[in-house]
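Chemist: First the structure, then my questions, so here it is.
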Amino acid sequence: MCGAPCLLVLVLAETMGLAAASEPTSPTFPAAPARASDSPSEPKHWAFVPPVRPAIPRVIDRSWPRNPIDFFILSKLEQHGLRPSREADKVTLLRRLTFDLTGLPPTPKEIDSFQNDSSESAYDKQVERLLASSRYGVRWAQHWLDLVRYADSDGYESDRIRPHSWRYRDWVVYALNRDMPYNAFVREQLAGDEIVPDDPLASIATGFLRCYPDARDPNPEMRRYNALTDITETTSLVFLGLTVGCARCHDHKYDPIAQSDFYKFQAFFSGAHFTDDKPIATPAQRLDHGRRTAAWSDQVARILSGVIRIEAAGRLALAPGPPPDAGSEFATAFQKAESERSPRDIVLIFETQRRDRRVSHKALSARLDPRSIAERSELLYRLEELVNSAPAPLPLASVVDETETTAPATYVLRRGELNARRELVQPGFPEALCRDATSSAPVIPPSSHTTGRRRALADWLVRPDNPLTARVIVNRLWQQHFGVGIVASASDFGLAGESPSHPELLDWLAVELTAKGWSLKELHRLMVKSASYRQASAGNRAALELDPDNTLAWRHNRRRLDAEEIRDALLFVSGQLNLARGGPPFDPAGKRDSPFPSSKPADDTRRSLYLIIRRSRHDPFLETFDRPDAHASCSRRPTTSVTTQALTMINGRLTHRSARALAARVTRDSGNGHADQLEHAYRLALGRSPDPAETRLGLRFLEKSPLEDLMLCLFNLNEFLCVD
Amino acid sequence: MDLPMDFRGGGGLRRPSSQGFVPLADTRRAFLAKAGNGFGALALAWILHQEAAADESRATSPLAPSPPHFPPKAKNIIYLFMHGGPSHLETFDPKPGLERLAGKPLPESFGSVVTSRNVGRNPLLPTSRTFAPRGQSGIEISDLFPNLAACVDDLAVIRSCWADSVDHARAVYQMSSGVTTMGKPCLGSWVGYGLGTENQDLPSFAVLPQPRGAIKGGPAAFGSGFLPAPYQGTVVRRGDLSNLELRPFNGMSADRQSRMLDLVRQLDSRHASRRDGNPELEAKIRNYELAYRMQGAAPEAVDITSESRATKALYGVDDPVTADFGARCLLARRLVERGVRFVQLFSGDLTGWDGHEDIQANHAGLCAAVDRPIAGLLRDLKSRGLFESTLVVWGGEFGRLPMSENKRGRDHNPYGFTMWFAGAGVKGGVVHGATDEVGLRAVVDRVHVHDLHATILYLMGLDHMRLTYTRNDREERLTDTGGQVVRSIIA
């Protein structure tokens with residue numbers, strides 16, 4: 001943790017011209033020497049100063065740039081005597097673009113239509129088509145869920161399922177698909193209930209604040225404190241790209257974040273109620289639900305009445321008088337004529353009679369004639385059907401809300417220990433990010449039923465002079481499209497984070513985002529339409545030697561597909577993918593403890609976004625390909641290359657089933673001729689036709705091996721698993 | 001490099017540098033280009049260059065061997081985890097003081113005790129076991145471990161361990177990952193991260209749980225937390241590596257599979273040859289070769305049928321009482337013999353050593369099941385020359401309280417308990433530290449869980465302060481903010 005001193009601390013301290021950091025095992029944490037910007041003479045850290053739109057740089061080769069991004073990229077390349085790479089070929093481009101925007105490969109038809117379109121706007125049309133596709137939201141929600149450490153369970157030993165979390169997941173998909181402006185996206189997740197009190201959707205958005213792992217500590221105070229700590233850390237990481245977590249116990253070692261800043265930040269959340277089952281139905285939904293429930297109970301009552309009638313004579317003969325445990329309510333209901341009884345009366349009579357020990361099922365049946373027995377069976381069968389088709393309960397969500405205008409006090413805690421209270425603090429923004437001390441201590445007017453605190457925080461985050469919010473999100477988009485962020489440490493814009501490779505470009509994009517009404521799709525457009533994005537990924541000697549890490553973006557970064565893309569692509573290519581969107585997660589384990597037992601076999605092939613995420617039991621396939629474990633915010637997944645991945649790809653159920661399905665699909669579409677099968681399979685899996693050598697190898701292979709083995713082989717190719 | 005295959009984004013092994021281009025990659029690329037003649041040659045090329053390329057391949061092959069911080073005393077670890085919390089009072093920590101105070105409440109002078117089941121004021125319960133000095137060293141061990149007692153001169157018994165939680169799951173998390181919260185990497189994962197593995201045909205970290213029953217805290221107790229997935233434990237159940245897919249799902253024959261892999265290799269090589277400077281492509285090709293070999297090597301490693309009758313008898317495989325744990329101890333030896341870095345055995349199902357009702361009955365059964373196998377393991381390691389390179393650790397997540405529970409049982413005690421080390425780098429026949437008069441709290445030379453971890457890492461040649469992983473810009477380590485190596489038990 002932060003207490004661990006390491007070479008890095010020393011090196012950093014040294015490079016900043018400061019004394020070595022505190023003693024390793026020292027139990028106290030003296031004010032960190034690295035608080036550089038405390039000194040009035042030193043300029044503030046770049047990221048803590050609001051971005052200003054920089055001038056677009058001049059370049060020598062004015063023919064290459066397609067939009068402003070390219071001027072920034074090219075001017076740096078030219079300064080280093082480098083040229084950008086050529087544009088990637090059309091097939092590569094469409095495959096890259098389709099995976100990046102939707103998480104799926106392009107179909108052969110889509111590729112054909114792009115290749116046959118020789119108009120100037122051919123590529124732009126594809127960008128628009130993909131951005132308009134609902135698959136865009138499904139893909140980009142995944143990146144967001146990584147950041148917020150989304151899961152469908154609590155974590156820890158019990159790892160209790162969270163039955164309503166998915167509504168937040170669906171909200172993220174919905175918000176991204178309709179291009180909700182990022183400022184609204186931020187505000188609703190932090191304070192949707194305060195900002196739009198009557199909109200259930202906005203309330204669902206606060207599910208962001210409910211993603212913390214929860215140990216269900218027997219001490220409720222401790223449990224709440226742990227949750228608040230987690231929320232404070234994650235909010236700061238996700239929106240500000242700041243690591244405030246260490247300030248819980250001591251002043252930040254690198255950044256000008258004092259320990260009190262952590263608790264001031266936490267105080268924005270101290271009025272929050274953690275509500276697990278908030279009714280979120282609209283009035284219309286409630287009305288409709290009421291109507292359907294009434295109709296349903298009438299049907300149930302009619303059936304029960306029938307049973308009571310059939311059994312009446314038999315029961316009277318076997319045991320006259322009311323059952324022993326029947327109360328006066330029963331007597332009243334029983335005395336009424338059948339047509340006078342309310343559904344409630346009928347249920348009461350039915351249940352009381354079922355409990356009547358004086359009448360055994362066997363004795364009663366013996367007194368019924370066969371026709372009555374058959375009639376009763378029919379009624380009970382219908383009853384069972386009816387019970388199974390009961391109207392779905394009104395939707396609930398796991399949210400944060402407030403009921404009072406004041407919040408419990410927040411204290412600075414010595415070394416972060418719950419019982420070691422120091423001074424009282426009020427909600428406040430980290431001073432380093434504000435113009436002065438006054439603007440860091442907001443006056444927060446409460447609303448009619450809330451403290452207004454979360455709203456105040458949300459508003460501050462999206463203020464035009466907030467130095468970080470816009471920079472952080474444009475950098476995250478850049479990272480997904482280009483492989484590495486302009487700031488490589490996407491959730492650390494502090495002093496210990498990476499310096500931006502293209503600081504002016506970052507600022508230009510941040511300002512552009514706010515100028516374009518915080519539209520994320522506008523930013524996607526800019527990025528993927530740029531010449532920089534459209535470069536080929538092939539290497540070139542000179543550039544490789546000068547800039548092997550491609551920091552200057554002289555080519556496109558090749559990437560391995562991530563876990564969800566691999567699974568989805570296997571299912572999609574083999575024609576098995578179920579593209580149904582939204583709703584409860586599917587649970588392939590199908591355990592009885594799952595509140596989602598209704599998972600149907602077809603659900604097994606839904607997109608990976610909808611696969612249940614249990615914190616204690618990860619999906620083995622996705623985990624093998626580096627899906628994060630949902631315990632902490634993940635801003636960038638590691639991409640490992642290990643033997644278990646090979647084992648799972650050559651032997652696993654998913655690849656074998658998909659290979660069989662693809663073989664069947666190919667045979668169905670193109671008959672039994674090997675050459676045609678090969679051509680079709682290549683186009684489906686890799687988006688291109690095989691070259692003559694590949695055809696030769698493939699045909700020779702099919703002389704001895706079945707078609708499904710060839711399909712399995714295609715799935716195992718680097719070309720399938722990576723995007724150029 | 002053109003793929004973000006190192007770890008710099010999610011935290012990682014090293015921070016980005018512009019010096020990433022290692023000329024060695026050229027040599028390897030040349031090798032691979034020539035290796036058009038089958039997997040065998042490819043693997044050989046890789047093995048020849050394994051050491052030289054360790055640094056470079058680390059970025060793409062997380063389990064490649066990595067040099068320790070200083071010369072290690074031990075190369076492998078067998079960790080015997082007694083799940084549920086074994087009583088030190090019935091096994092390794094004789095307390096005549098408890099005898100004297102039998103039936104009385106804990107004297108006021110001990111202060112109050114937080115307990116899991118509110119047993120703080122219950123009468124003190126002396127043990128009904130008998131202790132006697134054993135071996136040359138004369139260390140006292142109870143009659144529950146007659147076989148192990150004969151090996152006492154190989155043990156370093158730490159009687160002053162302490163931990164932070166009275167709750168099983170949290171204590172299990174701490175004993176495996178240093179902290180009481182879920183989701184941190186466990187010891188076995190840290191060791192794999194620090195050292196890699198010597199035998200790429202087998203996993204670096206194997207977990208051998210009780211055949212039936214789960215672990216308190218669930219699989220997270222041996223998870224890799226925020227370390228990349230390759231560092232997680234591979235579960236071996238009933239002689240099967242259950243979470244490795246070693247056999248084709250569709251029952252594809254070996255012939256068919258090897259034809260398929262051959263085509264993959266040919267097509268991948270063609271693909272790679274059209275792409276300049278791409279170590280990740282090579283890493284992938286290599287992984288397929290290793291996967292192919294692991295399919296053969298792993299089942300052989302976990303198959304104990306080839307062991308001699310005498311060896312099996314040594315571990316108690318021939319006796320129904322000891323057969324299960326004996327077979328797993330034998331398996332542990334086979335795995336370390338083949339270069340598996342870390343083997344963790346669990347004794348005890350979900351209840352395990354958790355003797356709330358009747359500590360004697362509970363421990364009598366479990367000790368009988370593990371005593372002969374553990375003694376057999378120590379002897380077998382010695383006779384095969386593995387004792388000098390293998391560290392054996394024994395212990396649970398905490399000990400038991402001196403107070404009674406339900407008259408004959410004992411509640412959880414994280415304040416003082418016993419663990420022992422044996423094997424590589426460990427001084428035999430020594431006792432470190434002591435608990436108080438009744439065995440409630442560690443009082444002399446106290447050893448916290450962080451200290452145990454620091455010591456284990458030290459023996460493996462790793463400095464617990466330097467074995468760090470950057471996550472969300474925090475330098476995370478196994479020992480959190482503590483950790484002192486217990487020097488007195490190191491040979």
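Each chain in the structure tokens gets a letter, A, B, ..., in the order shown, and its residues are numbered from 1; ligands are numbered from 1 in order too.
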Counting only C-alpha atoms, give me one row per residue of chain A with an atom at most 6 Å from an atom of chain B, showing the shortest contact pair and its distance in Å to one decimal, sorted by chain then residue number, as a tab-separated table.

Modeler:
residue	atom	partner	partner_atom	distance
A:Met1	CA	B:Glu476	CA	4.3
A:Cys2	CA	B:Arg474	CA	5.8
A:Gly3	CA	B:Thr481	CA	5.4
A:Tyr156	CA	B:Met182	CA	5.7
A:Glu157	CA	B:Gly217	CA	4.5
A:Gly539	CA	B:Asp276	CA	5.5
A:Pro548	CA	B:Met1	CA	5.7
A:Asp549	CA	B:Met1	CA	5.4
A:Asn557	CA	B:Asp2	CA	5.4
A:Arg558	CA	B:Leu3	CA	5.3
A:Arg559	CA	B:Leu3	CA	5.3
A:Ser616	CA	B:Ala220	CA	5.9
A:Arg636	CA	B:Gly10	CA	4.9
A:Arg637	CA	B:Gly10	CA	5.4
A:Pro638	CA	B:Phe7	CA	5.2
A:Thr639	CA	B:Met5	CA	4.8
A:Ser641	CA	B:Thr60	CA	5.8
A:Val642	CA	B:Asn287	CA	5.9
A:Thr643	CA	B:Asn287	CA	4.8
A:Ala646	CA	B:Tyr288	CA	5.4
A:Leu647	CA	B:Ala291	CA	5.6
A:Thr648	CA	B:Glu245	CA	5.8
A:Asn651	CA	B:Pro248	CA	3.9
A:Gly652	CA	B:Phe249	CA	5.5
A:Arg653	CA	B:Phe249	CA	5.3
A:Cys713	CA	B:Val264	CA	5.6

Chemist: Using DSSP on the backbone coordinates, identify all residues within region 368-445 of chain B classified as strand (DSSP E); present the result as an MDAnalysis selection string.

Modeler: chainID B and resid 390:395 399:400 412:413 417:423 430:432 434:435 442:444

Chemist: Would you write out those residues with N, CA and C atoms, as a CSV table (one decimal), in the first residue's frame?

Modeler:
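Output file result-v2.csv follows:
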chain,number,residue,atom,x,y,z
B,390,THR,N,13.0,-27.3,-0.4
B,390,THR,CA,11.5,-27.1,-0.2
B,390,THR,C,11.2,-26.6,1.2
B,391,LEU,N,10.5,-25.6,1.2
B,391,LEU,CA,10.0,-25.1,2.5
B,391,LEU,C,8.6,-25.7,2.8
B,392,VAL,N,8.5,-26.2,4.0
B,392,VAL,CA,7.2,-26.8,4.4
B,392,VAL,C,6.6,-25.9,5.5
B,393,VAL,N,5.4,-25.4,5.4
B,393,VAL,CA,4.7,-24.5,6.4
B,393,VAL,C,3.5,-25.2,6.8
B,394,TRP,N,3.2,-25.2,8.1
B,394,TRP,CA,2.0,-25.8,8.7
B,394,TRP,C,1.3,-24.8,9.5
B,395,GLY,N,0.0,-24.7,9.4
B,395,GLY,CA,-0.8,-23.8,10.3
B,395,GLY,C,-2.2,-23.6,9.8
B,399,GLY,N,-5.8,-19.9,16.1
B,399,GLY,CA,-5.8,-21.0,17.0
B,399,GLY,C,-7.1,-21.0,17.8
B,400,ARG,N,-7.1,-21.6,19.0
B,400,ARG,CA,-8.3,-21.7,19.7
B,400,ARG,C,-8.1,-21.0,21.1
B,412,HIS,N,-12.6,-19.3,18.4
B,412,HIS,CA,-11.5,-18.8,17.6
B,412,HIS,C,-10.5,-18.0,18.4
B,413,ASN,N,-9.3,-18.1,18.2
B,413,ASN,CA,-8.3,-17.3,18.8
B,413,ASN,C,-7.2,-16.7,17.9
B,417,PHE,N,-1.3,-18.2,18.6
B,417,PHE,CA,-1.4,-19.6,18.1
B,417,PHE,C,-0.1,-20.0,17.5
B,418,THR,N,-0.1,-21.3,17.1
B,418,THR,CA,1.2,-21.9,16.7
B,418,THR,C,1.2,-22.2,15.2
B,419,MET,N,2.3,-22.0,14.6
B,419,MET,CA,2.6,-22.5,13.3
B,419,MET,C,4.0,-23.1,13.3
B,420,TRP,N,4.3,-24.0,12.3
B,420,TRP,CA,5.7,-24.4,12.2
B,420,TRP,C,6.2,-24.4,10.8
B,421,PHE,N,7.5,-24.2,10.7
B,421,PHE,CA,8.2,-24.2,9.4
B,421,PHE,C,9.2,-25.4,9.4
B,422,ALA,N,9.4,-26.0,8.3
B,422,ALA,CA,10.5,-27.0,8.2
B,422,ALA,C,11.1,-27.0,6.8
B,423,GLY,N,12.3,-27.5,6.7
B,423,GLY,CA,12.9,-27.7,5.3
B,423,GLY,C,13.8,-26.6,5.0
B,430,VAL,N,13.8,-25.9,16.9
B,430,VAL,CA,13.8,-24.6,17.7
B,430,VAL,C,12.4,-24.2,18.0
B,431,VAL,N,12.2,-23.4,19.0
B,431,VAL,CA,10.9,-22.8,19.4
B,431,VAL,C,11.1,-21.3,19.3
B,432,HIS,N,10.2,-20.6,18.7
B,432,HIS,CA,10.3,-19.2,18.7
B,432,HIS,C,9.0,-18.6,19.4
B,434,ALA,N,6.4,-17.2,22.6
B,434,ALA,CA,5.5,-17.9,23.5
B,434,ALA,C,4.2,-17.1,23.7
B,435,THR,N,3.2,-17.9,24.1
B,435,THR,CA,2.0,-17.2,24.5
B,435,THR,C,2.0,-17.0,26.0
B,442,ALA,N,-0.2,-14.1,22.3
B,442,ALA,CA,1.2,-14.2,22.0
B,442,ALA,C,1.8,-13.1,22.8
B,443,VAL,N,2.8,-13.3,23.6
B,443,VAL,CA,3.4,-12.3,24.4
B,443,VAL,C,4.9,-12.1,24.2
B,444,VAL,N,5.6,-13.2,23.9
B,444,VAL,CA,7.1,-13.2,23.7
B,444,VAL,C,7.4,-13.3,22.3

Chemist: Show which residues sit within 12 Å of region 437-449 of chain A, as a CSV table (one decimal) with N, CA and C atoms, in the first residue's frame. Count only C-alpha atoms, and ignore same-chain residues fewer than 4 positions away.

Modeler:
chain,number,residue,atom,x,y,z
A,193,ASP,N,-31.2,11.2,-8.2
A,193,ASP,CA,-32.4,11.4,-7.4
A,193,ASP,C,-32.6,12.8,-7.0
A,194,GLU,N,-31.5,13.6,-6.8
A,194,GLU,CA,-31.6,15.0,-6.4
A,194,GLU,C,-31.9,15.9,-7.6
A,195,ILE,N,-31.4,15.5,-8.7
A,195,ILE,CA,-31.5,16.4,-9.9
A,195,ILE,C,-32.8,16.2,-10.6
A,196,VAL,N,-33.2,15.0,-10.8
A,196,VAL,CA,-34.5,14.8,-11.4
A,196,VAL,C,-35.4,13.9,-10.5
A,197,PRO,N,-35.9,14.4,-9.4
A,197,PRO,CA,-36.5,13.6,-8.4
A,197,PRO,C,-37.6,12.7,-8.9
A,261,ASP,N,-8.7,16.5,2.9
A,261,ASP,CA,-9.4,16.5,1.7
A,261,ASP,C,-10.2,15.2,1.4
A,264,LYS,N,-13.3,15.5,3.5
A,264,LYS,CA,-14.2,16.5,2.9
A,264,LYS,C,-14.9,16.0,1.7
A,265,PHE,N,-14.2,15.2,0.9
A,265,PHE,CA,-14.8,14.6,-0.3
A,265,PHE,C,-15.8,13.6,0.1
A,267,ALA,N,-17.5,13.6,2.7
A,267,ALA,CA,-18.7,14.2,3.3
A,267,ALA,C,-19.8,14.5,2.3
A,268,PHE,N,-19.5,14.6,1.0
A,268,PHE,CA,-20.5,14.8,0.0
A,268,PHE,C,-21.5,13.6,0.0
A,271,GLY,N,-24.9,12.0,3.5
A,271,GLY,CA,-26.3,11.9,3.7
A,271,GLY,C,-27.0,10.7,3.0
A,272,ALA,N,-26.1,10.0,2.3
A,272,ALA,CA,-26.7,9.0,1.4
A,272,ALA,C,-27.3,7.8,2.2
A,401,ASP,N,-30.4,7.2,-2.1
A,401,ASP,CA,-31.4,8.3,-2.0
A,401,ASP,C,-31.2,9.0,-0.6
A,402,GLU,N,-32.0,10.0,-0.4
A,402,GLU,CA,-31.9,10.7,0.9
A,402,GLU,C,-33.3,11.1,1.3
A,403,THR,N,-33.5,11.2,2.6
A,403,THR,CA,-34.8,11.6,3.1
A,403,THR,C,-34.7,12.8,4.0
A,404,GLU,N,-33.5,13.3,4.3
A,404,GLU,CA,-33.4,14.4,5.2
A,404,GLU,C,-32.5,15.5,4.6
A,405,THR,N,-32.7,16.7,5.2
A,405,THR,CA,-31.9,17.8,4.6
A,405,THR,C,-30.6,18.0,5.4
A,406,THR,N,-30.4,17.2,6.4
A,406,THR,CA,-29.1,17.3,7.1
A,406,THR,C,-28.4,15.9,7.1
A,407,ALA,N,-27.1,15.9,7.2
A,407,ALA,CA,-26.4,14.7,7.1
A,407,ALA,C,-25.6,14.5,8.4
A,425,VAL,N,-15.3,17.9,9.7
A,425,VAL,CA,-15.2,18.6,8.4
A,425,VAL,C,-16.5,18.7,7.7
A,426,GLN,N,-16.5,19.7,6.8
A,426,GLN,CA,-17.7,19.9,5.9
A,426,GLN,C,-17.3,19.5,4.5
A,427,PRO,N,-18.3,19.2,3.7
A,427,PRO,CA,-18.0,18.8,2.3
A,427,PRO,C,-17.2,19.9,1.6
A,428,GLY,N,-16.2,19.5,0.9
A,428,GLY,CA,-15.3,20.4,0.2
A,428,GLY,C,-14.5,19.7,-0.9
A,429,PHE,N,-14.2,20.5,-1.9
A,429,PHE,CA,-13.4,19.9,-3.1
A,429,PHE,C,-11.9,20.0,-2.7
A,430,PRO,N,-11.1,19.1,-3.3
A,430,PRO,CA,-9.7,19.2,-3.0
A,430,PRO,C,-9.2,20.6,-3.4
A,431,GLU,N,-8.5,21.2,-2.5
A,431,GLU,CA,-8.1,22.6,-2.7
A,431,GLU,C,-7.2,22.8,-3.9
A,432,ALA,N,-6.4,21.8,-4.2
A,432,ALA,CA,-5.4,21.9,-5.3
A,432,ALA,C,-6.2,22.1,-6.6
A,433,LEU,N,-7.4,21.7,-6.7
A,433,LEU,CA,-8.1,21.7,-7.9
A,433,LEU,C,-9.0,23.0,-8.0
A,453,ARG,N,-25.9,17.7,-1.2
A,453,ARG,CA,-24.5,17.5,-1.3
A,453,ARG,C,-24.0,16.8,-2.5
A,454,ARG,N,-24.6,15.7,-2.9
A,454,ARG,CA,-24.1,15.0,-4.0
A,454,ARG,C,-24.3,15.8,-5.3
A,455,ARG,N,-25.4,16.6,-5.3
A,455,ARG,CA,-25.7,17.4,-6.4
A,455,ARG,C,-24.6,18.5,-6.6
A,456,ALA,N,-24.2,19.0,-5.4
A,456,ALA,CA,-23.2,20.1,-5.4
A,456,ALA,C,-21.8,19.5,-6.0
A,457,LEU,N,-21.5,18.3,-5.6
A,457,LEU,CA,-20.3,17.6,-6.1
A,457,LEU,C,-20.4,17.4,-7.6
A,459,ASP,N,-22.3,18.9,-9.8
A,459,ASP,CA,-22.2,20.2,-10.5
A,459,ASP,C,-20.8,20.7,-10.6
A,460,TRP,N,-20.0,20.6,-9.5
A,460,TRP,CA,-18.6,21.0,-9.6
A,460,TRP,C,-17.8,20.2,-10.6
A,465,ASP,N,-14.7,25.1,-15.5
A,465,ASP,CA,-13.3,25.3,-15.0
A,465,ASP,C,-12.8,24.1,-14.2
A,466,ASN,N,-13.6,23.0,-14.2
A,466,ASN,CA,-13.0,21.8,-13.6
A,466,ASN,C,-11.8,21.3,-14.4

Chemist: Set the distance at 8 Å and use only C-alpha atoms: which residues neighbour Ser165 (chain A) once local chain neighbours fewer than 3 positions away are removed? I'd like the list as number ranges by chain.

Modeler: A: 151-152, 162, 168-169, 207, 397-398

Chemist: Work out how far CA of Lys516 (chain A) is from CA of Val52 (chain A), in Å to one decimal.

Modeler: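 Going from CA of Val52 (chain A) over to CA of Lys516 (chain A) covers 14.9 Å.
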
Chemist: Nearest to Thr180 (chain B): which of B:Ala163, B:Leu98, B:Val113, B:Ala327 is it, counting only C-alpha atoms?

Modeler: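 Checking each of B:Ala163, B:Leu98, B:Val113, B:Ala327 against Thr180 (chain B), counting only C-alpha atoms, the winner is B:Ala163.
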